[in-house]
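In what follows, a single structure is set out as C-alpha cells and then discussed.
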Amino acid sequence: MQDPSHLTVTADAYDSIAALYADLFRNALDDQPLDRAALGVFAEVVRTAGGGPVAELGCGPGHTTAYLRKLGLDIFGLDLSPVMIDLAREAFPDLRFEVGSMDALDLADGGLRGIVSWYSVIHTPPRELPVYFGEFGRVLAPGGHLLLGFFESEGDPVTPFDHKVTQAYRWPIDELAALARAAGFAEIGRILREPHEGERFRHGRLLMRREPGSVE
C-alpha cells in the first residue's frame, strides 16, 4: 500500500484549490482535438465490446466524466479529494461520484468494462505504480479497456516535476506501457502530442486492454 501520508498530502492539496481547478479546466477539452479523439476512441471500443460500467479514477470536478457520459458510457467518478467530489456532485447531480483511493478500490473483482485514468496516476511515486495497475486489473473484466493520460518525459527517465498542485512525475511512454503489460494489459494504441501554448510538457495517452488469464 502507498504511504498514507502521501495520499493525505495529495488529497489536501487538491481540496485547497478545488474551486479554482474546476473553473480553470471546465472547458479544457474544447481546444484539444487529440484529447477528444483519445476519449472518443476509448468510448467506442468500450461500447463495441458490449458496454457496461466504466469508472473515471481521479475524476476531479467531474468534467471528463460528464463528457464520457455524453459519448454513451455508463460511467461514474471516483477521487481522493472530498472537495472535488462535492463540486462534481453539485455540477453533475445525475452522475455518481464517490471518494476513494485508486490503490484500494471498493469495487468487485471484474466488475468494470472500462477505466479512465486521466492525469490521475501522475502523483503516484513510481515504486507504487505497479500496485495501482494491479488494482486496475483486478476490477476490470477480461477484455475491459484502460485509458491513461499523463505527462511524457520526452526521452528522459521517470522525472519528478513541480506540478502546480503537488509533486508529480513525467513518464517515458514505453516504460509506462511496460508496467501496464506486466499487470496483464495489452497495448491497443498510443498518442503523443506536443505542448500547446501555455503548457510545459509533452502529453501521452495509452489505450490498453485487460487480457484474459492475465496476472491478478
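Ordered as shown in the C-alpha cells, chains take letters A, B, and onward, while each chain numbers its residues from 1 and ligands are numbered from 1 in the order shown.
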Listing only residues of segment 96-149 of chain A within 7 Å of segment 176-183 of chain A, what is the closest atom pair and its distance in Å (to one decimal) for each, using only C-alpha atoms, sorted by chain and residue number ascending, as a Markdown table?
| residue | atom | partner | partner_atom | distance |
| --- | --- | --- | --- | --- |
| A:Pro130 | CA | A:Leu179 | CA | 6.5 |
| A:Phe133 | CA | A:Ala183 | CA | 6.0 |
| A:Gly134 | CA | A:Ala183 | CA | 5.5 |
| A:Gly137 | CA | A:Ala183 | CA | 6.7 |
Q: For segment 151-158 of chain A, list every protein, DNA or RNA residue within 6 Å, evaluated using only C-alpha atoms, and leave out those in the same chain fewer than 6 positions away; present the list as number ranges by chain.
A: A: 170-172, 202-204
Take the residues from that selection and put them in a file with C-alpha atoms, as a PDB file, in the first residue's frame.
ATOM      1  CA  ARG A 170       6.614  12.528 -16.129  1.00  0.00           C
ATOM      2  CA  TRP A 171       6.893   9.038 -17.614  1.00  0.00           C
ATOM      3  CA  PRO A 172       8.586   7.561 -20.704  1.00  0.00           C
ATOM      4  CA  ARG A 202       4.538  16.634 -23.982  1.00  0.00           C
ATOM      5  CA  HIS A 203       1.372  14.656 -23.251  1.00  0.00           C
ATOM      6  CA  GLY A 204       0.891  10.901 -23.645  1.00  0.00           C
TER       7      GLY A 204
END
Q | Within 10 Å of Val45 of chain A using only C-alpha atoms, minus same-chain residues under 4 positions, as a list in words | A |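 Here the answer would be Gly40, Val41, Ala49, Gly50, Gly51, Gly114, Gly144, His145, Leu207 and Arg209 of chain A.
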Q. Mind pulling up the distance from atom CA of Leu57 of chain A to atom CA of Leu140 of chain A?
A.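 Calculated distance between atom CA of Leu140 of chain A and atom CA of Leu57 of chain A is 12.5 Å.
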Q. Using only C-alpha atoms, which residue out of A:Leu112, A:Val99, A:Ala104, A:Ala38 lies closest to Pro53 of chain A?
A. A:Leu112
**Q.** Residue set, segment 176-211 of chain A restricted to strand (DSSP E), as a PyMOL selection string
**A.** chain A and resi 185-193+203-210
Residue selection dump (all heavy atoms) as a CSV table (one decimal), in the first residue's frame:
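Saved the output as selection11.csv:
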chain,number,residue,atom,x,y,z
A,185,PHE,N,-2.1,-6.1,-19.1
A,185,PHE,CA,-2.7,-5.3,-20.1
A,185,PHE,C,-1.9,-5.4,-21.5
A,185,PHE,O,-0.7,-5.4,-21.5
A,185,PHE,CB,-2.8,-3.8,-19.7
A,185,PHE,CG,-3.7,-3.6,-18.6
A,185,PHE,CD1,-3.3,-3.6,-17.3
A,185,PHE,CD2,-5.1,-3.3,-18.8
A,185,PHE,CE1,-4.2,-3.4,-16.2
A,185,PHE,CE2,-6.0,-3.1,-17.8
A,185,PHE,CZ,-5.5,-3.1,-16.5
A,186,ALA,N,-2.7,-5.4,-22.6
A,186,ALA,CA,-2.1,-5.4,-23.9
A,186,ALA,C,-2.3,-4.0,-24.5
A,186,ALA,O,-3.4,-3.4,-24.4
A,186,ALA,CB,-2.7,-6.4,-24.8
A,187,GLU,N,-1.3,-3.4,-25.1
A,187,GLU,CA,-1.5,-2.1,-25.7
A,187,GLU,C,-2.3,-2.2,-27.0
A,187,GLU,O,-2.0,-3.0,-27.9
A,187,GLU,CB,-0.1,-1.5,-26.0
A,187,GLU,CG,-0.2,-0.1,-26.6
A,187,GLU,CD,1.1,0.6,-26.7
A,187,GLU,OE1,2.1,0.2,-26.1
A,187,GLU,OE2,1.2,1.6,-27.5
A,188,ILE,N,-3.2,-1.3,-27.2
A,188,ILE,CA,-4.0,-1.1,-28.4
A,188,ILE,C,-3.5,0.0,-29.2
A,188,ILE,O,-3.3,-0.1,-30.5
A,188,ILE,CB,-5.5,-0.9,-28.1
A,188,ILE,CG1,-6.1,-2.1,-27.4
A,188,ILE,CG2,-6.3,-0.6,-29.4
A,188,ILE,CD1,-7.5,-1.9,-26.9
A,189,GLY,N,-3.1,1.1,-28.6
A,189,GLY,CA,-2.6,2.3,-29.3
A,189,GLY,C,-2.1,3.3,-28.4
A,189,GLY,O,-2.3,3.3,-27.2
A,190,ARG,N,-1.5,4.3,-28.9
A,190,ARG,CA,-0.9,5.4,-28.2
A,190,ARG,C,-0.9,6.7,-29.0
A,190,ARG,O,-0.9,6.7,-30.2
A,190,ARG,CB,0.6,5.1,-27.8
A,190,ARG,CG,1.5,4.9,-28.9
A,190,ARG,CD,2.9,4.7,-28.5
A,190,ARG,NE,3.1,3.4,-27.8
A,190,ARG,CZ,4.3,3.1,-27.2
A,190,ARG,NH1,5.3,3.9,-27.3
A,190,ARG,NH2,4.4,2.0,-26.5
A,191,ILE,N,-0.9,7.8,-28.2
A,191,ILE,CA,-0.8,9.2,-28.8
A,191,ILE,C,0.2,10.0,-28.0
A,191,ILE,O,0.2,9.9,-26.8
A,191,ILE,CB,-2.2,9.9,-28.8
A,191,ILE,CG1,-3.2,9.2,-29.7
A,191,ILE,CG2,-2.0,11.4,-29.2
A,191,ILE,CD1,-4.6,9.8,-29.6
A,192,LEU,N,1.0,10.7,-28.7
A,192,LEU,CA,1.9,11.7,-28.1
A,192,LEU,C,1.5,13.0,-28.8
A,192,LEU,O,1.5,13.1,-30.0
A,192,LEU,CB,3.4,11.4,-28.4
A,192,LEU,CG,4.0,10.2,-27.6
A,192,LEU,CD1,5.4,10.0,-28.0
A,192,LEU,CD2,4.0,10.6,-26.1
A,193,ARG,N,1.3,14.0,-28.0
A,193,ARG,CA,1.1,15.3,-28.5
A,193,ARG,C,2.0,16.3,-27.9
A,193,ARG,O,2.3,16.3,-26.7
A,193,ARG,CB,-0.4,15.8,-28.4
A,193,ARG,CG,-0.9,16.2,-27.1
A,193,ARG,CD,-2.2,17.0,-27.2
A,193,ARG,NE,-2.8,17.4,-25.9
A,193,ARG,CZ,-2.4,18.5,-25.3
A,193,ARG,NH1,-1.4,19.2,-25.7
A,193,ARG,NH2,-3.0,18.8,-24.1
A,203,HIS,N,2.4,15.5,-23.9
A,203,HIS,CA,1.4,14.7,-23.3
A,203,HIS,C,1.3,13.3,-23.9
A,203,HIS,O,1.5,13.2,-25.1
A,203,HIS,CB,0.0,15.4,-23.4
A,203,HIS,CG,0.0,16.7,-22.7
A,203,HIS,ND1,-0.8,16.9,-21.6
A,203,HIS,CD2,0.6,17.9,-23.0
A,203,HIS,CE1,-0.7,18.2,-21.2
A,203,HIS,NE2,0.2,18.8,-22.1
A,204,GLY,N,1.0,12.3,-23.1
A,204,GLY,CA,0.9,10.9,-23.6
A,204,GLY,C,-0.5,10.3,-23.3
A,204,GLY,O,-1.1,10.6,-22.3
A,205,ARG,N,-0.9,9.4,-24.2
A,205,ARG,CA,-2.2,8.7,-24.0
A,205,ARG,C,-1.9,7.2,-24.4
A,205,ARG,O,-1.3,7.0,-25.4
A,205,ARG,CB,-3.3,9.2,-24.8
A,205,ARG,CG,-3.9,10.5,-24.4
A,205,ARG,CD,-3.1,11.7,-24.9
A,205,ARG,NE,-3.7,13.0,-24.5
A,205,ARG,CZ,-3.4,13.6,-23.3
A,205,ARG,NH1,-2.7,13.0,-22.4
A,205,ARG,NH2,-4.0,14.7,-23.0
A,206,LEU,N,-2.3,6.3,-23.5
A,206,LEU,CA,-2.1,4.9,-23.8
A,206,LEU,C,-3.5,4.2,-23.7
A,206,LEU,O,-4.2,4.4,-22.6
A,206,LEU,CB,-1.2,4.2,-22.8
A,206,LEU,CG,0.3,4.3,-23.1
A,206,LEU,CD1,1.1,3.9,-21.9
A,206,LEU,CD2,0.7,3.5,-24.3
A,207,LEU,N,-3.9,3.5,-24.7
A,207,LEU,CA,-5.1,2.7,-24.7
A,207,LEU,C,-4.8,1.2,-24.5
A,207,LEU,O,-4.0,0.7,-25.4
A,207,LEU,CB,-6.0,2.9,-25.9
A,207,LEU,CG,-7.3,2.2,-26.0
A,207,LEU,CD1,-8.2,2.6,-24.9
A,207,LEU,CD2,-7.9,2.4,-27.4
A,208,MET,N,-5.2,0.6,-23.5
A,208,MET,CA,-4.8,-0.8,-23.2
A,208,MET,C,-6.1,-1.7,-23.0
A,208,MET,O,-7.2,-1.2,-22.7
A,208,MET,CB,-4.0,-0.8,-21.9
A,208,MET,CG,-3.0,0.2,-21.7
A,208,MET,SD,-1.5,0.0,-22.7
A,208,MET,CE,-0.8,-1.4,-22.0
A,209,ARG,N,-5.9,-3.0,-23.1
A,209,ARG,CA,-7.0,-3.9,-22.9
A,209,ARG,C,-6.5,-5.0,-21.9
A,209,ARG,O,-5.4,-5.5,-22.0
A,209,ARG,CB,-7.4,-4.6,-24.2
A,209,ARG,CG,-8.5,-5.6,-24.1
A,209,ARG,CD,-8.9,-6.3,-25.4
A,209,ARG,NE,-7.7,-6.9,-26.0
A,209,ARG,CZ,-7.1,-6.6,-27.1
A,209,ARG,NH1,-7.5,-5.5,-27.8
A,209,ARG,NH2,-6.0,-7.2,-27.6
A,210,ARG,N,-7.4,-5.3,-20.9
A,210,ARG,CA,-7.0,-6.4,-20.0
A,210,ARG,C,-7.2,-7.7,-20.7
A,210,ARG,O,-8.3,-8.0,-21.2
A,210,ARG,CB,-7.9,-6.3,-18.7
A,210,ARG,CG,-7.5,-7.3,-17.7
A,210,ARG,CD,-8.5,-7.2,-16.5
A,210,ARG,NE,-8.1,-8.1,-15.4
A,210,ARG,CZ,-8.5,-9.4,-15.4
A,210,ARG,NH1,-9.2,-10.0,-16.4
A,210,ARG,NH2,-8.1,-10.2,-14.4
Q. Counting only C-alpha atoms, which of A:His6, A:Arg113, A:Arg36, A:His196 gets nearest to Asp74 of chain A?
A.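 Smallest separation from Asp74 of chain A among the options: A:Arg113.
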Would you give me, as a compact mmCIF listing (two decimals) with N, CA, C and O atoms, in the first residue's frame, the residues in segment 46-186 of chain A that DSSP reads as alpha helix (DSSP H)?
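New file states-v5.txt:
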# COMPACT_ATOMS: atom_id res chain seq x y z
N VAL A 46 -15.20 0.58 -25.84
CA VAL A 46 -15.99 0.05 -24.73
C VAL A 46 -17.41 -0.30 -25.21
O VAL A 46 -17.93 -1.38 -24.90
N ARG A 47 -18.01 0.60 -25.99
CA ARG A 47 -19.36 0.32 -26.50
C ARG A 47 -19.35 -0.88 -27.43
O ARG A 47 -20.23 -1.75 -27.37
N THR A 48 -18.35 -0.96 -28.30
CA THR A 48 -18.27 -2.06 -29.26
C THR A 48 -18.10 -3.40 -28.56
O THR A 48 -18.59 -4.43 -29.03
N HIS A 63 -15.62 16.92 -14.97
CA HIS A 63 -15.86 17.37 -16.34
C HIS A 63 -15.63 16.27 -17.37
O HIS A 63 -16.42 16.11 -18.31
N THR A 64 -14.56 15.51 -17.20
CA THR A 64 -14.28 14.44 -18.16
C THR A 64 -15.27 13.29 -18.00
O THR A 64 -15.69 12.68 -19.00
N THR A 65 -15.67 13.02 -16.78
CA THR A 65 -16.71 12.01 -16.55
C THR A 65 -17.98 12.37 -17.31
O THR A 65 -18.58 11.53 -17.99
N ALA A 66 -18.41 13.63 -17.19
CA ALA A 66 -19.61 14.09 -17.88
C ALA A 66 -19.45 14.02 -19.39
O ALA A 66 -20.39 13.66 -20.12
N TYR A 67 -18.26 14.35 -19.89
CA TYR A 67 -18.00 14.28 -21.33
C TYR A 67 -18.15 12.84 -21.83
O TYR A 67 -18.76 12.59 -22.87
N LEU A 68 -17.60 11.89 -21.09
CA LEU A 68 -17.69 10.50 -21.50
C LEU A 68 -19.11 9.96 -21.40
O LEU A 68 -19.51 9.10 -22.19
N ARG A 69 -19.88 10.47 -20.46
CA ARG A 69 -21.29 10.07 -20.41
C ARG A 69 -22.01 10.52 -21.69
O ARG A 69 -22.85 9.80 -22.24
N LYS A 70 -21.67 11.73 -22.17
CA LYS A 70 -22.27 12.20 -23.43
C LYS A 70 -21.89 11.32 -24.62
O LYS A 70 -22.60 11.29 -25.62
N PRO A 82 -12.26 14.93 -1.20
CA PRO A 82 -13.68 15.11 -0.90
C PRO A 82 -14.26 16.41 -1.46
O PRO A 82 -15.42 16.45 -1.88
N VAL A 83 -13.46 17.47 -1.48
CA VAL A 83 -13.97 18.74 -2.00
C VAL A 83 -14.21 18.63 -3.51
O VAL A 83 -15.22 19.14 -4.03
N MET A 84 -13.33 17.97 -4.22
CA MET A 84 -13.54 17.74 -5.65
C MET A 84 -14.84 16.97 -5.88
O MET A 84 -15.62 17.28 -6.78
N ILE A 85 -15.07 15.95 -5.07
CA ILE A 85 -16.27 15.14 -5.23
C ILE A 85 -17.52 15.98 -4.94
O ILE A 85 -18.54 15.87 -5.64
N ASP A 86 -17.46 16.84 -3.94
CA ASP A 86 -18.59 17.73 -3.67
C ASP A 86 -18.89 18.62 -4.87
O ASP A 86 -20.06 18.81 -5.25
N LEU A 87 -17.85 19.16 -5.51
CA LEU A 87 -18.04 20.01 -6.68
C LEU A 87 -18.62 19.21 -7.85
O LEU A 87 -19.49 19.70 -8.58
N ALA A 88 -18.13 17.99 -8.03
CA ALA A 88 -18.63 17.15 -9.12
C ALA A 88 -20.12 16.82 -8.91
O ALA A 88 -20.92 16.88 -9.86
N ARG A 89 -20.49 16.49 -7.69
CA ARG A 89 -21.89 16.16 -7.41
C ARG A 89 -22.79 17.38 -7.63
O ARG A 89 -23.92 17.25 -8.10
N GLU A 90 -22.28 18.56 -7.27
CA GLU A 90 -23.07 19.77 -7.45
C GLU A 90 -23.24 20.10 -8.93
O GLU A 90 -24.33 20.49 -9.37
N ALA A 91 -22.16 19.94 -9.72
CA ALA A 91 -22.21 20.29 -11.14
C ALA A 91 -22.97 19.27 -11.97
O ALA A 91 -23.62 19.62 -12.96
N LEU A 129 3.44 2.52 -8.50
CA LEU A 129 2.52 2.44 -9.63
C LEU A 129 2.11 1.01 -9.98
O LEU A 129 0.95 0.78 -10.37
N PRO A 130 2.98 -0.01 -9.85
CA PRO A 130 2.50 -1.38 -10.10
C PRO A 130 1.32 -1.78 -9.23
O PRO A 130 0.46 -2.56 -9.67
N VAL A 131 1.22 -1.25 -8.01
CA VAL A 131 0.08 -1.54 -7.15
C VAL A 131 -1.20 -1.01 -7.77
O VAL A 131 -2.25 -1.68 -7.78
N TYR A 132 -1.13 0.18 -8.33
CA TYR A 132 -2.30 0.77 -8.98
C TYR A 132 -2.72 -0.05 -10.19
O TYR A 132 -3.91 -0.36 -10.37
N PHE A 133 -1.75 -0.41 -11.03
CA PHE A 133 -2.09 -1.18 -12.22
C PHE A 133 -2.64 -2.55 -11.84
O PHE A 133 -3.54 -3.08 -12.51
N GLY A 134 -2.12 -3.13 -10.78
CA GLY A 134 -2.67 -4.39 -10.31
C GLY A 134 -4.12 -4.24 -9.86
O GLY A 134 -4.95 -5.12 -10.12
N GLU A 135 -4.43 -3.15 -9.20
CA GLU A 135 -5.79 -2.90 -8.76
C GLU A 135 -6.71 -2.62 -9.96
O GLU A 135 -7.85 -3.08 -10.00
N PHE A 136 -6.21 -1.90 -10.96
CA PHE A 136 -6.99 -1.69 -12.18
C PHE A 136 -7.33 -3.03 -12.82
O PHE A 136 -8.46 -3.26 -13.26
N GLY A 137 -6.32 -3.91 -12.90
CA GLY A 137 -6.56 -5.22 -13.49
C GLY A 137 -7.55 -6.05 -12.69
O GLY A 137 -8.32 -6.83 -13.26
N ARG A 138 -7.53 -5.89 -11.37
CA ARG A 138 -8.45 -6.67 -10.53
C ARG A 138 -9.90 -6.31 -10.81
O ARG A 138 -10.77 -7.18 -10.89
N VAL A 139 -10.19 -5.00 -10.94
CA VAL A 139 -11.59 -4.57 -11.05
C VAL A 139 -12.10 -4.57 -12.49
O VAL A 139 -13.31 -4.46 -12.72
N ILE A 173 6.87 6.91 -22.28
CA ILE A 173 5.66 6.18 -22.67
C ILE A 173 5.93 4.68 -22.76
O ILE A 173 5.07 3.86 -22.39
N ASP A 174 7.12 4.29 -23.22
CA ASP A 174 7.43 2.86 -23.32
C ASP A 174 7.49 2.21 -21.94
O ASP A 174 7.05 1.07 -21.76
N GLU A 175 8.05 2.90 -20.96
CA GLU A 175 8.16 2.35 -19.62
C GLU A 175 6.79 2.22 -18.95
O GLU A 175 6.50 1.22 -18.28
N LEU A 176 5.94 3.21 -19.16
CA LEU A 176 4.59 3.13 -18.60
C LEU A 176 3.82 1.98 -19.23
O LEU A 176 3.11 1.23 -18.54
N ALA A 177 3.95 1.83 -20.55
CA ALA A 177 3.29 0.72 -21.23
C ALA A 177 3.79 -0.62 -20.72
O ALA A 177 3.02 -1.58 -20.56
N ALA A 178 5.10 -0.72 -20.43
CA ALA A 178 5.66 -1.97 -19.93
C ALA A 178 5.11 -2.32 -18.55
O ALA A 178 4.83 -3.49 -18.26
N LEU A 179 4.94 -1.31 -17.69
CA LEU A 179 4.35 -1.57 -16.37
C LEU A 179 2.92 -2.09 -16.51
O LEU A 179 2.51 -2.99 -15.78
N ALA A 180 2.17 -1.50 -17.43
CA ALA A 180 0.81 -1.97 -17.65
C ALA A 180 0.79 -3.39 -18.21
O ALA A 180 -0.03 -4.22 -17.80
N ARG A 181 1.70 -3.70 -19.11
CA ARG A 181 1.78 -5.07 -19.64
C ARG A 181 2.07 -6.06 -18.54
O ARG A 181 1.53 -7.17 -18.52
N ALA A 182 2.95 -5.68 -17.61
CA ALA A 182 3.29 -6.58 -16.50
C ALA A 182 2.09 -6.86 -15.61
O ALA A 182 2.05 -7.89 -14.93
(Q) Considering only C-alpha atoms, can you say which of A:Ile75, A:Gly184, A:Gly149, A:Gly52 comes closest to Gly213 of chain A? (A) A:Gly184
**Q.** Polymer residues at most 7 Å from Glu56 of chain A, only C-alpha atoms, same-chain spacing of 5 or more positions, as a PyMOL selection string
**A.** chain A and resi 65+76-78+115-117
Q) How far is it from atom CA of Leu148 of chain A to atom CA of Trp118 of chain A, in Å with one decimal? A)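 Going from atom CA of Leu148 of chain A over to atom CA of Trp118 of chain A, I get 5.7 Å.
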